[in-house]
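In what follows, a structure is listed as structure tokens, so that the remarks can point back to it.
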Amino acid sequence: MTFDAATKMQFLYALRSKGVTDARVLTAMEQVDRADYVKGTFADRAYDDMPLPIACGQTISQPSVVGLMTQALQVEARDKVLEIGTGSGYQAAILSRLARRVYTVDRYRKLVHAARAVFEMRDFSNITTFTADGSHGFEEQAPFDRILLTAAAEDPPGPLLAQLRVGGIMVLPVGQSDAVQSLIRVTRLENGYDYDELRSVRFVPLLEGLGQE
């Protein structure tokens with residue numbers, strides 16, 4: 001399949017129908033072809049609004065959830081963004097259309113290499129991709145204006161909260177099982193944090209350490 005005009009129109013209509021209404025987010029999602037990040041057996045489902053399997057037992061999130069999470073993050077043009085869980089690279093690519101700089105980390109070296117190859121092919125030069133334990137964040141580049149997690153933690157990880165600048169926003173799924181998770185938005189205040197619960201979601205768990213692949 002190709003991301004032609006008719007496919008884009010249908011794709012964007014599906015996003016809007018699920019609540020993705022921010023014009024900048026919709027434009028970014030129009031500019032990033034999901035087919036670049038869906039390979040093999042599921043390539044013909046690239047424009048369906050559904051999660052799909054990728055390597056290392058991970059998934060590429062459904063586009064409407066990607067859109068809603070990006071919308072909740074309220075990325076501004078000068079922002080420096082940290083993403084935990086590169087996965088296919090699709091979410092980072094969308095963030096790169098909205099932010100000044102995107103740092104994305106994954107525990108699986110195989111996923112990082114595959115995502116980096118697509119970023120280079122599409123000349124997404126404002127993305128830095130690396131393999132590491134994302135639960136520790138990326139202290140060398142902190143503080144961040146925005147932090148996004150694409151894996152569910154039991155609670156917002158302390159190191160990531162500490163790496164969020166005052167006034168910054170973090171969006172992440174939280175929950176103790178893969179059956180009951182909530183998407184929350186955390187805003188760092190001068191003297192603490194403000195929490196908003198956004199919707200129910202289902203993500204793979206945030207794991208410590210590096211993966212075996």
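Residues are referred to by chain and number: the chain letter is A, B, ... according to the order shown in the structure tokens, the number counts from 1 in that chain, and ligands are numbered separately from 1 in the order shown.
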Can you tell me, as JSON, numbers by chain, what residues are no more than 6 Å from segment 60-72 of chain A when counting only C-alpha atoms, ignoring any on the same chain fewer than 3 positions away? {"A": [15, 20, 49, 50, 51, 52]}
Residue subset to file, keeping all heavy atoms, as a PDB file, in the first residue's frame:
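Below you can see selection13.pdb, which holds the result:
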ATOM      1  N   LEU A  15      -8.684   9.228  12.566  1.00  0.00           N
ATOM      2  CA  LEU A  15      -8.064   9.882  13.721  1.00  0.00           C
ATOM      3  C   LEU A  15      -9.019  10.895  14.349  1.00  0.00           C
ATOM      4  O   LEU A  15      -9.195  10.926  15.569  1.00  0.00           O
ATOM      5  CB  LEU A  15      -6.761  10.578  13.304  1.00  0.00           C
ATOM      6  CG  LEU A  15      -5.603   9.681  12.868  1.00  0.00           C
ATOM      7  CD1 LEU A  15      -4.442  10.528  12.368  1.00  0.00           C
ATOM      8  CD2 LEU A  15      -5.149   8.781  14.004  1.00  0.00           C
ATOM      9  N   VAL A  20      -8.717  12.890  17.893  1.00  0.00           N
ATOM     10  CA  VAL A  20      -7.479  13.602  17.570  1.00  0.00           C
ATOM     11  C   VAL A  20      -7.870  14.817  16.728  1.00  0.00           C
ATOM     12  O   VAL A  20      -8.166  14.703  15.542  1.00  0.00           O
ATOM     13  CB  VAL A  20      -6.487  12.705  16.805  1.00  0.00           C
ATOM     14  CG1 VAL A  20      -5.176  13.458  16.563  1.00  0.00           C
ATOM     15  CG2 VAL A  20      -6.221  11.417  17.573  1.00  0.00           C
ATOM     16  N   ASP A  49      -6.532   1.392  11.994  1.00  0.00           N
ATOM     17  CA  ASP A  49      -6.392   1.946  13.343  1.00  0.00           C
ATOM     18  C   ASP A  49      -6.358   0.810  14.357  1.00  0.00           C
ATOM     19  O   ASP A  49      -7.326   0.565  15.085  1.00  0.00           O
ATOM     20  CB  ASP A  49      -7.532   2.927  13.644  1.00  0.00           C
ATOM     21  CG  ASP A  49      -7.286   3.691  14.942  1.00  0.00           C
ATOM     22  OD1 ASP A  49      -6.107   3.960  15.251  1.00  0.00           O
ATOM     23  OD2 ASP A  49      -8.259   4.007  15.653  1.00  0.00           O
ATOM     24  N   MET A  50      -5.222   0.129  14.385  1.00  0.00           N
ATOM     25  CA  MET A  50      -5.062  -1.003  15.297  1.00  0.00           C
ATOM     26  C   MET A  50      -3.585  -1.184  15.610  1.00  0.00           C
ATOM     27  O   MET A  50      -2.711  -0.830  14.806  1.00  0.00           O
ATOM     28  CB  MET A  50      -5.623  -2.287  14.665  1.00  0.00           C
ATOM     29  CG  MET A  50      -4.928  -2.683  13.367  1.00  0.00           C
ATOM     30  SD  MET A  50      -5.740  -4.068  12.528  1.00  0.00           S
ATOM     31  CE  MET A  50      -5.583  -5.355  13.769  1.00  0.00           C
ATOM     32  N   PRO A  51      -3.275  -1.711  16.817  1.00  0.00           N
ATOM     33  CA  PRO A  51      -1.883  -2.035  17.127  1.00  0.00           C
ATOM     34  C   PRO A  51      -1.459  -3.255  16.319  1.00  0.00           C
ATOM     35  O   PRO A  51      -2.290  -4.114  15.994  1.00  0.00           O
ATOM     36  CB  PRO A  51      -1.914  -2.332  18.626  1.00  0.00           C
ATOM     37  CG  PRO A  51      -3.315  -2.767  18.893  1.00  0.00           C
ATOM     38  CD  PRO A  51      -4.191  -2.038  17.921  1.00  0.00           C
ATOM     39  N   LEU A  52      -0.172  -3.337  15.991  1.00  0.00           N
ATOM     40  CA  LEU A  52       0.340  -4.457  15.202  1.00  0.00           C
ATOM     41  C   LEU A  52       1.642  -4.957  15.817  1.00  0.00           C
ATOM     42  O   LEU A  52       2.414  -4.185  16.383  1.00  0.00           O
ATOM     43  CB  LEU A  52       0.594  -4.010  13.759  1.00  0.00           C
ATOM     44  CG  LEU A  52      -0.632  -3.570  12.950  1.00  0.00           C
ATOM     45  CD1 LEU A  52      -0.209  -2.904  11.663  1.00  0.00           C
ATOM     46  CD2 LEU A  52      -1.553  -4.753  12.679  1.00  0.00           C
TER      47      LEU A  52
END
Enumerate as an MDAnalysis selection string all residues of segment 60-139 of chain A assigned to alpha helix (DSSP H) by DSSP on the backbone, naming them with the chain letters and numbers the document uses. chainID A and resid 63:73 90:96 109:121
Residues near Val118 of chain A, anyone? I mean within 10 Å using only C-alpha atoms, not counting same-chain ones fewer than 2 positions away, as a list of chain:residue names. A:Asp36, A:Tyr37, A:Ser88, A:Gly89, A:Tyr90, A:Ala93, A:His113, A:Ala114, A:Ala115, A:Arg116, A:Glu120, A:Met121, A:Arg122, A:Asp123, A:Phe124
Quick one: write out the picked residues with N, CA, C and O atoms as a PDB file, in the first residue's frame?
ATOM      1  N   ASP A  36       6.191   2.857   6.660  1.00  0.00           N
ATOM      2  CA  ASP A  36       7.639   2.769   6.843  1.00  0.00           C
ATOM      3  C   ASP A  36       8.011   1.953   8.079  1.00  0.00           C
ATOM      4  O   ASP A  36       9.142   1.465   8.192  1.00  0.00           O
ATOM      5  N   TYR A  37       7.068   1.830   9.008  1.00  0.00           N
ATOM      6  CA  TYR A  37       7.369   1.240  10.319  1.00  0.00           C
ATOM      7  C   TYR A  37       6.663  -0.097  10.546  1.00  0.00           C
ATOM      8  O   TYR A  37       6.792  -0.686  11.616  1.00  0.00           O
ATOM      9  N   SER A  88       8.909   0.756  17.023  1.00  0.00           N
ATOM     10  CA  SER A  88       9.069   0.849  15.573  1.00  0.00           C
ATOM     11  C   SER A  88       9.711   2.157  15.141  1.00  0.00           C
ATOM     12  O   SER A  88      10.256   2.260  14.044  1.00  0.00           O
ATOM     13  N   GLY A  89       9.600   3.184  15.984  1.00  0.00           N
ATOM     14  CA  GLY A  89      10.078   4.512  15.631  1.00  0.00           C
ATOM     15  C   GLY A  89       8.974   5.449  15.171  1.00  0.00           C
ATOM     16  O   GLY A  89       9.211   6.645  14.969  1.00  0.00           O
ATOM     17  N   TYR A  90       7.764   4.931  15.014  1.00  0.00           N
ATOM     18  CA  TYR A  90       6.652   5.727  14.471  1.00  0.00           C
ATOM     19  C   TYR A  90       6.318   6.934  15.349  1.00  0.00           C
ATOM     20  O   TYR A  90       6.186   8.055  14.865  1.00  0.00           O
ATOM     21  N   ALA A  93       8.998   9.644  15.177  1.00  0.00           N
ATOM     22  CA  ALA A  93       8.960  10.364  13.907  1.00  0.00           C
ATOM     23  C   ALA A  93       7.899  11.464  13.943  1.00  0.00           C
ATOM     24  O   ALA A  93       8.124  12.584  13.467  1.00  0.00           O
ATOM     25  N   HIS A 113      18.183  -0.031  15.935  1.00  0.00           N
ATOM     26  CA  HIS A 113      18.855  -0.008  14.635  1.00  0.00           C
ATOM     27  C   HIS A 113      17.850   0.117  13.501  1.00  0.00           C
ATOM     28  O   HIS A 113      18.073   0.868  12.533  1.00  0.00           O
ATOM     29  N   ALA A 114      16.734  -0.611  13.589  1.00  0.00           N
ATOM     30  CA  ALA A 114      15.724  -0.559  12.532  1.00  0.00           C
ATOM     31  C   ALA A 114      15.082   0.825  12.453  1.00  0.00           C
ATOM     32  O   ALA A 114      14.882   1.368  11.357  1.00  0.00           O
ATOM     33  N   ALA A 115      14.767   1.401  13.609  1.00  0.00           N
ATOM     34  CA  ALA A 115      14.160   2.735  13.624  1.00  0.00           C
ATOM     35  C   ALA A 115      15.133   3.775  13.081  1.00  0.00           C
ATOM     36  O   ALA A 115      14.758   4.646  12.280  1.00  0.00           O
ATOM     37  N   ARG A 116      16.391   3.676  13.489  1.00  0.00           N
ATOM     38  CA  ARG A 116      17.395   4.644  13.035  1.00  0.00           C
ATOM     39  C   ARG A 116      17.539   4.596  11.515  1.00  0.00           C
ATOM     40  O   ARG A 116      17.697   5.637  10.862  1.00  0.00           O
ATOM     41  N   GLU A 120      16.983   7.820   9.056  1.00  0.00           N
ATOM     42  CA  GLU A 120      18.002   8.272   8.112  1.00  0.00           C
ATOM     43  C   GLU A 120      17.453   8.296   6.688  1.00  0.00           C
ATOM     44  O   GLU A 120      17.717   9.235   5.925  1.00  0.00           O
ATOM     45  N   MET A 121      16.663   7.285   6.340  1.00  0.00           N
ATOM     46  CA  MET A 121      16.080   7.224   5.003  1.00  0.00           C
ATOM     47  C   MET A 121      15.168   8.426   4.748  1.00  0.00           C
ATOM     48  O   MET A 121      15.145   8.992   3.658  1.00  0.00           O
ATOM     49  N   ARG A 122      14.424   8.827   5.773  1.00  0.00           N
ATOM     50  CA  ARG A 122      13.469   9.930   5.639  1.00  0.00           C
ATOM     51  C   ARG A 122      14.073  11.274   6.051  1.00  0.00           C
ATOM     52  O   ARG A 122      13.374  12.285   6.077  1.00  0.00           O
ATOM     53  N   ASP A 123      15.345  11.276   6.387  1.00  0.00           N
ATOM     54  CA  ASP A 123      16.067  12.492   6.769  1.00  0.00           C
ATOM     55  C   ASP A 123      15.423  13.189   7.971  1.00  0.00           C
ATOM     56  O   ASP A 123      15.287  14.407   8.003  1.00  0.00           O
ATOM     57  N   PHE A 124      15.030  12.398   8.958  1.00  0.00           N
ATOM     58  CA  PHE A 124      14.533  12.953  10.225  1.00  0.00           C
ATOM     59  C   PHE A 124      15.754  13.218  11.105  1.00  0.00           C
ATOM     60  O   PHE A 124      16.090  12.458  11.998  1.00  0.00           O
TER      61      PHE A 124
END
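Take atom CA of Thr131 of chain A and atom CA of Val32 of chain A: the distance between them is 22.9 Å.
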Which residues of segment 44-129 of chain A come within 8 Å of segment 139-160 of chain A, and for each one, what is the closest pair of atoms and their distance in Å to one decimal, counting only C-alpha atoms, sorted by chain and residue number, as a tab-separated table?
residue	atom	partner	partner_atom	distance
A:Leu73	CA	A:Arg146	CA	6.8
A:Val75	CA	A:Arg146	CA	7.0
A:Asp79	CA	A:Asp145	CA	5.5
A:Lys80	CA	A:Asp145	CA	5.4
A:Val81	CA	A:Arg146	CA	4.8
A:Leu82	CA	A:Ile147	CA	4.7
A:Glu83	CA	A:Leu148	CA	4.8
A:Ile84	CA	A:Leu149	CA	4.7
A:Gly85	CA	A:Thr150	CA	5.4
A:Thr86	CA	A:Thr150	CA	7.8
Contacts of Gln74 of chain A at 10 Å or less, counting only C-alpha atoms, minus same-chain residues fewer than 6 places along, as a list in words? Asp22, Arg24, Val25, Leu98, Arg146, Gly168, Ile169, Met170 and Val171 of chain A
What's the 10 Å shell around Ala55 of chain A, counting only C-alpha atoms, without same-chain residues fewer than 4 positions away, as a compact mmCIF listing (two decimals) with N, CA and C atoms, in the first residue's frame?
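Wrote out-v3.txt, looks like this:
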# COMPACT_ATOMS: atom_id res chain seq x y z
N LYS A 39 6.39 -3.83 8.89
CA LYS A 39 7.05 -4.68 7.91
C LYS A 39 6.41 -6.07 7.85
N THR A 59 4.97 -4.01 20.08
CA THR A 59 3.90 -3.61 19.16
C THR A 59 4.11 -2.17 18.70
N ILE A 60 3.53 -1.86 17.55
CA ILE A 60 3.38 -0.48 17.12
C ILE A 60 1.96 -0.08 17.51
N GLY A 87 10.46 1.44 20.07
CA GLY A 87 9.65 0.49 19.31
C GLY A 87 9.94 0.57 17.82
N SER A 88 8.91 0.76 17.02
CA SER A 88 9.07 0.85 15.57
C SER A 88 9.71 2.16 15.14
N TYR A 108 15.86 -2.61 23.38
CA TYR A 108 16.18 -3.60 22.35
C TYR A 108 17.04 -2.96 21.24
N LYS A 110 18.01 -4.20 18.47
CA LYS A 110 17.48 -4.51 17.14
C LYS A 110 16.44 -3.47 16.71
N LEU A 111 15.57 -3.06 17.64
CA LEU A 111 14.55 -2.06 17.33
C LEU A 111 15.18 -0.69 17.08
N ALA A 114 16.73 -0.61 13.59
CA ALA A 114 15.72 -0.56 12.53
C ALA A 114 15.08 0.83 12.45
N GLU A 213 17.71 -8.94 22.43
CA GLU A 213 17.79 -8.89 20.96
C GLU A 213 18.36 -7.56 20.51
So what do you get for atom CA of Gly167 of chain A versus atom CA of Asp194 of chain A, distance-wise? 10.2 Å
Which residues are close to Ile184 of chain A, i.e. within 10 Å by only C-alpha atoms, leaving aside same-chain residues fewer than 3 positions away? Reply as a ChimeraX atom specification. /A:69,72,156,170-174,181,187,195-201
